[in-house]
$ cat structure-v3.tsv   # TSV, C-alpha atoms
chain	number	residue	atom	x	y	z
A	1	MET	CA	65.59	91.78	88.78
A	2	GLY	CA	67.88	90.14	91.37
A	3	PHE	CA	71.20	88.44	91.13
A	4	SER	CA	71.63	84.87	92.21
A	5	SER	CA	74.13	84.33	94.97
A	6	ASP	CA	76.07	81.98	92.68
A	7	SER	CA	76.62	84.64	90.01
A	8	TYR	CA	77.54	87.20	92.67
A	9	ALA	CA	80.13	84.85	94.17
A	10	GLN	CA	81.57	84.10	90.75
A	11	ASN	CA	81.96	87.79	89.92
A	12	ARG	CA	83.41	88.53	93.34
A	13	ASN	CA	86.03	85.79	93.08
A	14	ARG	CA	86.98	86.53	89.48
A	15	PRO	CA	90.49	87.94	89.10
A	16	ARG	CA	90.44	91.71	88.72
A	17	GLY	CA	92.44	93.72	86.25
A	18	ILE	CA	94.87	96.44	87.22
A	19	ASN	CA	92.52	99.28	86.26
A	20	THR	CA	89.69	97.75	88.30
A	21	ILE	CA	91.90	97.39	91.36
A	22	GLN	CA	93.10	100.99	90.99
A	23	GLN	CA	89.52	102.23	90.69
A	24	ILE	CA	88.39	100.29	93.77
A	25	GLN	CA	91.30	101.64	95.82
A	26	LYS	CA	90.55	105.17	94.65
A	27	GLN	CA	86.91	104.77	95.70
A	28	HIS	CA	87.96	103.52	99.16
A	29	ILE	CA	90.23	106.53	99.61
A	30	ILE	CA	87.52	108.97	98.48
A	31	ARG	CA	85.00	107.37	100.84
A	32	GLY	CA	87.52	107.61	103.69
A	33	VAL	CA	88.00	111.31	103.02
A	34	LYS	CA	84.27	112.01	102.77
A	35	SER	CA	83.50	110.10	105.97
A	36	GLY	CA	86.31	111.83	107.84
A	37	GLU	CA	88.04	108.49	108.54
A	38	LEU	CA	91.17	109.70	106.72
A	39	THR	CA	93.11	112.69	107.93
A	40	ARG	CA	94.66	115.09	105.43
A	41	ASN	CA	98.09	113.56	106.00
A	42	GLU	CA	96.78	110.01	105.57
A	43	PHE	CA	95.01	111.04	102.38
A	44	ALA	CA	98.16	112.68	101.03
A	45	ARG	CA	100.27	109.58	101.70
A	46	LEU	CA	97.74	107.23	100.13
A	47	ARG	CA	97.27	109.50	97.11
A	48	ASN	CA	101.03	109.70	96.58
A	49	GLU	CA	101.33	105.94	96.75
A	50	GLN	CA	98.60	105.56	94.13
A	51	ARG	CA	100.36	108.11	91.92
A	52	GLN	CA	103.65	106.21	92.19
A	53	ILE	CA	101.92	103.03	91.07
A	54	ALA	CA	100.28	104.89	88.16
A	55	ARG	CA	103.69	106.27	87.12
A	56	LEU	CA	105.18	102.77	87.27
A	57	GLU	CA	102.33	101.48	85.11
A	58	ALA	CA	102.85	104.30	82.60
A	59	ARG	CA	106.58	103.57	82.46
A	60	PHE	CA	105.88	99.87	81.84
A	61	ARG	CA	103.30	100.63	79.15
A	62	ASN	CA	105.60	103.08	77.38
A	63	SER	CA	108.60	100.75	77.41
A	64	GLY	CA	107.27	98.26	74.91
A	65	ASP	CA	104.24	96.58	73.52
A	66	GLY	CA	101.81	96.92	76.42
A	67	LEU	CA	102.37	95.14	79.71
A	68	SER	CA	104.37	91.94	79.91
A	69	GLU	CA	103.21	89.24	82.30
A	70	ARG	CA	106.09	90.13	84.62
A	71	GLU	CA	105.12	93.83	84.61
A	72	ARG	CA	101.46	92.98	85.19
A	73	ASN	CA	102.40	90.78	88.15
A	74	ARG	CA	104.62	93.52	89.58
A	75	LEU	CA	101.81	96.07	89.35
A	76	LYS	CA	99.35	93.69	90.99
A	77	GLN	CA	101.83	93.09	93.81
A	78	GLU	CA	102.30	96.84	94.27
A	79	LEU	CA	98.52	97.28	94.39
A	80	ARG	CA	98.11	94.46	96.92
A	81	GLU	CA	100.72	96.11	99.11
A	82	ALA	CA	99.02	99.50	98.70
A	83	ASN	CA	95.71	98.04	99.82
A	84	ARG	CA	96.97	97.30	103.34
A	85	PRO	CA	97.65	100.91	104.36
A	86	ILE	CA	94.34	102.03	102.82
A	87	TYR	CA	92.49	99.58	105.05
A	88	GLN	CA	94.65	100.36	108.10
A	89	GLN	CA	94.30	104.14	107.78
A	90	ILE	CA	90.55	103.99	107.31
A	91	HIS	CA	90.15	101.73	110.35
A	92	ASP	CA	92.68	103.33	112.73
A	93	ASP	CA	90.07	105.38	114.63
A	94	GLN	CA	91.70	108.67	113.68
A	95	GLN	CA	89.20	111.20	112.45
A	96	GLN	CA	89.64	114.37	110.45
A	97	PRO	CA	88.89	117.23	112.88
A	98	GLU	CA	85.70	119.15	112.27
A	99	PRO	CA	86.31	122.61	110.72
$ encode --input "structure-v3.tsv" --output "structure tokens"
Amino acid sequence: MGFSSDSYAQNRNRPRGINTIQQIQKQHIIRGVKSGELTRNEFARLRNEQRQIARLEARFRNSGDGLSERERNRLKQELREANRPIYQQIHDDQQQPEP
């Protein structure tokens, strides 16, 4: 059973939640490690950045009744900013040396 291009475009353009964005970024980082496109240092930096965002989210969630609109927007901004270095590091032509 196939998907129509209209339904695919609608799903692709639909706003994503914070957890979905985090999962997608995690998958990109894992793929970069597996393909050798991320060095150990690049991986460590990207992982630490993701952890900082997760800690910020936890702090926001623990400070009240879920996430406020302002907190949600801040997290999405942090995730947008974190996406740039993921893309740049994967596409910077540095390769993890073969063991």
$ closest_residue --input "structure-v3.tsv" --among "A:Ile24, A:Gln88, A:Asn19, A:Ala82" --to "Gln50 of chain A" --atoms "only C-alpha atoms"
A:Ala82
$ residues_around --input "structure-v3.tsv" --residues "segment 69-79 of chain A" --least-positions-apart "2" --cutoff "12 Å" --atoms "all atoms listed in the file" --output "ChimeraX atom specification"
/A:15-26,46,49-67,81-86
$ closest_residue --input "structure-v3.tsv" --among "A:Arg47, A:Ser68, A:Asp93, A:Arg80" --to "Ile29 of chain A" --atoms "all atoms listed in the file"
A:Arg47
$ atom_distance --input "structure-v3.tsv" --atom1 "atom CA of Thr39 of chain A" --atom2 "atom CA of Gln27 of chain A"
15.8 Å
$ residues_near_point --input "structure-v3.tsv" --point "(94.8, 107.0, 110.0)" --cutoff "12 Å" --atoms "only C-alpha atoms" --output "list in words"
Ile29, Gly32, Val33, Gly36, Glu37, Leu38, Thr39, Arg40, Asn41, Glu42, Phe43, Ala44, Arg45, Leu46, Arg84, Pro85, Ile86, Tyr87, Gln88, Gln89, Ile90, His91, Asp92, Asp93, Gln94, Gln95 and Gln96 of chain A
$ write_last_selection --input "structure-v3.tsv" --atoms "C-alpha atoms" --output "PDB file, in the frame of the given file"
ATOM      1  CA  ILE A  29      90.230 106.530  99.610  1.00  0.00           C
ATOM      2  CA  GLY A  32      87.520 107.610 103.690  1.00  0.00           C
ATOM      3  CA  VAL A  33      88.000 111.310 103.020  1.00  0.00           C
ATOM      4  CA  GLY A  36      86.310 111.830 107.840  1.00  0.00           C
ATOM      5  CA  GLU A  37      88.040 108.490 108.540  1.00  0.00           C
ATOM      6  CA  LEU A  38      91.170 109.700 106.720  1.00  0.00           C
ATOM      7  CA  THR A  39      93.110 112.690 107.930  1.00  0.00           C
ATOM      8  CA  ARG A  40      94.660 115.090 105.430  1.00  0.00           C
ATOM      9  CA  ASN A  41      98.090 113.560 106.000  1.00  0.00           C
ATOM     10  CA  GLU A  42      96.780 110.010 105.570  1.00  0.00           C
ATOM     11  CA  PHE A  43      95.010 111.040 102.380  1.00  0.00           C
ATOM     12  CA  ALA A  44      98.160 112.680 101.030  1.00  0.00           C
ATOM     13  CA  ARG A  45     100.270 109.580 101.700  1.00  0.00           C
ATOM     14  CA  LEU A  46      97.740 107.230 100.130  1.00  0.00           C
ATOM     15  CA  ARG A  84      96.970  97.300 103.340  1.00  0.00           C
ATOM     16  CA  PRO A  85      97.650 100.910 104.360  1.00  0.00           C
ATOM     17  CA  ILE A  86      94.340 102.030 102.820  1.00  0.00           C
ATOM     18  CA  TYR A  87      92.490  99.580 105.050  1.00  0.00           C
ATOM     19  CA  GLN A  88      94.650 100.360 108.100  1.00  0.00           C
ATOM     20  CA  GLN A  89      94.300 104.140 107.780  1.00  0.00           C
ATOM     21  CA  ILE A  90      90.550 103.990 107.310  1.00  0.00           C
ATOM     22  CA  HIS A  91      90.150 101.730 110.350  1.00  0.00           C
ATOM     23  CA  ASP A  92      92.680 103.330 112.730  1.00  0.00           C
ATOM     24  CA  ASP A  93      90.070 105.380 114.630  1.00  0.00           C
ATOM     25  CA  GLN A  94      91.700 108.670 113.680  1.00  0.00           C
ATOM     26  CA  GLN A  95      89.200 111.200 112.450  1.00  0.00           C
ATOM     27  CA  GLN A  96      89.640 114.370 110.450  1.00  0.00           C
TER      28      GLN A  96
END
$ build_atoms --input "structure-v3.tsv" --residues "segment 60-78 of chain A" --atoms "N, CA and C atoms" --output "mmCIF file, keeping the file's coordinate frame"
data_model
loop_
_atom_site.group_PDB
_atom_site.id
_atom_site.type_symbol
_atom_site.label_atom_id
_atom_site.label_comp_id
_atom_site.auth_asym_id
_atom_site.auth_seq_id
_atom_site.Cartn_x
_atom_site.Cartn_y
_atom_site.Cartn_z
ATOM 1 N N PHE A 60 105.943 101.222 82.418
ATOM 2 C CA PHE A 60 105.880 99.870 81.840
ATOM 3 C C PHE A 60 105.188 99.896 80.481
ATOM 4 N N ARG A 61 104.063 100.600 80.405
ATOM 5 C CA ARG A 61 103.300 100.630 79.150
ATOM 6 C C ARG A 61 104.063 101.336 78.036
ATOM 7 N N ASN A 62 104.849 102.336 78.384
ATOM 8 C CA ASN A 62 105.600 103.080 77.380
ATOM 9 C C ASN A 62 106.903 102.411 76.969
ATOM 10 N N SER A 63 107.309 101.379 77.677
ATOM 11 C CA SER A 63 108.600 100.750 77.410
ATOM 12 C C SER A 63 108.538 99.666 76.348
ATOM 13 N N GLY A 64 107.357 99.344 75.886
ATOM 14 C CA GLY A 64 107.270 98.260 74.910
ATOM 15 C C GLY A 64 105.886 98.119 74.347
ATOM 16 N N ASP A 65 105.512 96.908 74.136
ATOM 17 C CA ASP A 65 104.240 96.580 73.520
ATOM 18 C C ASP A 65 103.213 96.210 74.592
ATOM 19 N N GLY A 66 102.742 97.194 75.337
ATOM 20 C CA GLY A 66 101.810 96.920 76.420
ATOM 21 C C GLY A 66 102.526 96.395 77.643
ATOM 22 N N LEU A 67 101.792 95.681 78.492
ATOM 23 C CA LEU A 67 102.370 95.140 79.710
ATOM 24 C C LEU A 67 102.764 93.684 79.508
ATOM 25 N N SER A 68 103.976 93.351 79.918
ATOM 26 C CA SER A 68 104.370 91.940 79.910
ATOM 27 C C SER A 68 103.739 91.274 81.127
ATOM 28 N N GLU A 69 103.760 89.969 81.161
ATOM 29 C CA GLU A 69 103.210 89.240 82.300
ATOM 30 C C GLU A 69 103.972 89.600 83.586
ATOM 31 N N ARG A 70 105.263 89.760 83.471
ATOM 32 C CA ARG A 70 106.090 90.130 84.620
ATOM 33 C C ARG A 70 105.706 91.528 85.134
ATOM 34 N N GLU A 71 105.521 92.471 84.220
ATOM 35 C CA GLU A 71 105.120 93.830 84.610
ATOM 36 C C GLU A 71 103.737 93.840 85.237
ATOM 37 N N ARG A 72 102.822 93.072 84.657
ATOM 38 C CA ARG A 72 101.460 92.980 85.190
ATOM 39 C C ARG A 72 101.490 92.423 86.619
ATOM 40 N N ASN A 73 102.294 91.377 86.821
ATOM 41 C CA ASN A 73 102.400 90.780 88.150
ATOM 42 C C ASN A 73 103.012 91.762 89.146
ATOM 43 N N ARG A 74 103.997 92.520 88.703
ATOM 44 C CA ARG A 74 104.620 93.520 89.580
ATOM 45 C C ARG A 74 103.604 94.582 89.990
ATOM 46 N N LEU A 75 102.820 95.056 89.036
ATOM 47 C CA LEU A 75 101.810 96.070 89.350
ATOM 48 C C LEU A 75 100.756 95.513 90.315
ATOM 49 N N LYS A 76 100.341 94.291 90.090
ATOM 50 C CA LYS A 76 99.350 93.690 90.990
ATOM 51 C C LYS A 76 99.921 93.546 92.396
ATOM 52 N N GLN A 77 101.188 93.185 92.503
ATOM 53 C CA GLN A 77 101.830 93.090 93.810
ATOM 54 C C GLN A 77 101.883 94.457 94.484
ATOM 55 N N GLU A 78 102.259 95.480 93.723
ATOM 56 C CA GLU A 78 102.300 96.840 94.270
ATOM 57 C C GLU A 78 100.911 97.260 94.763
#
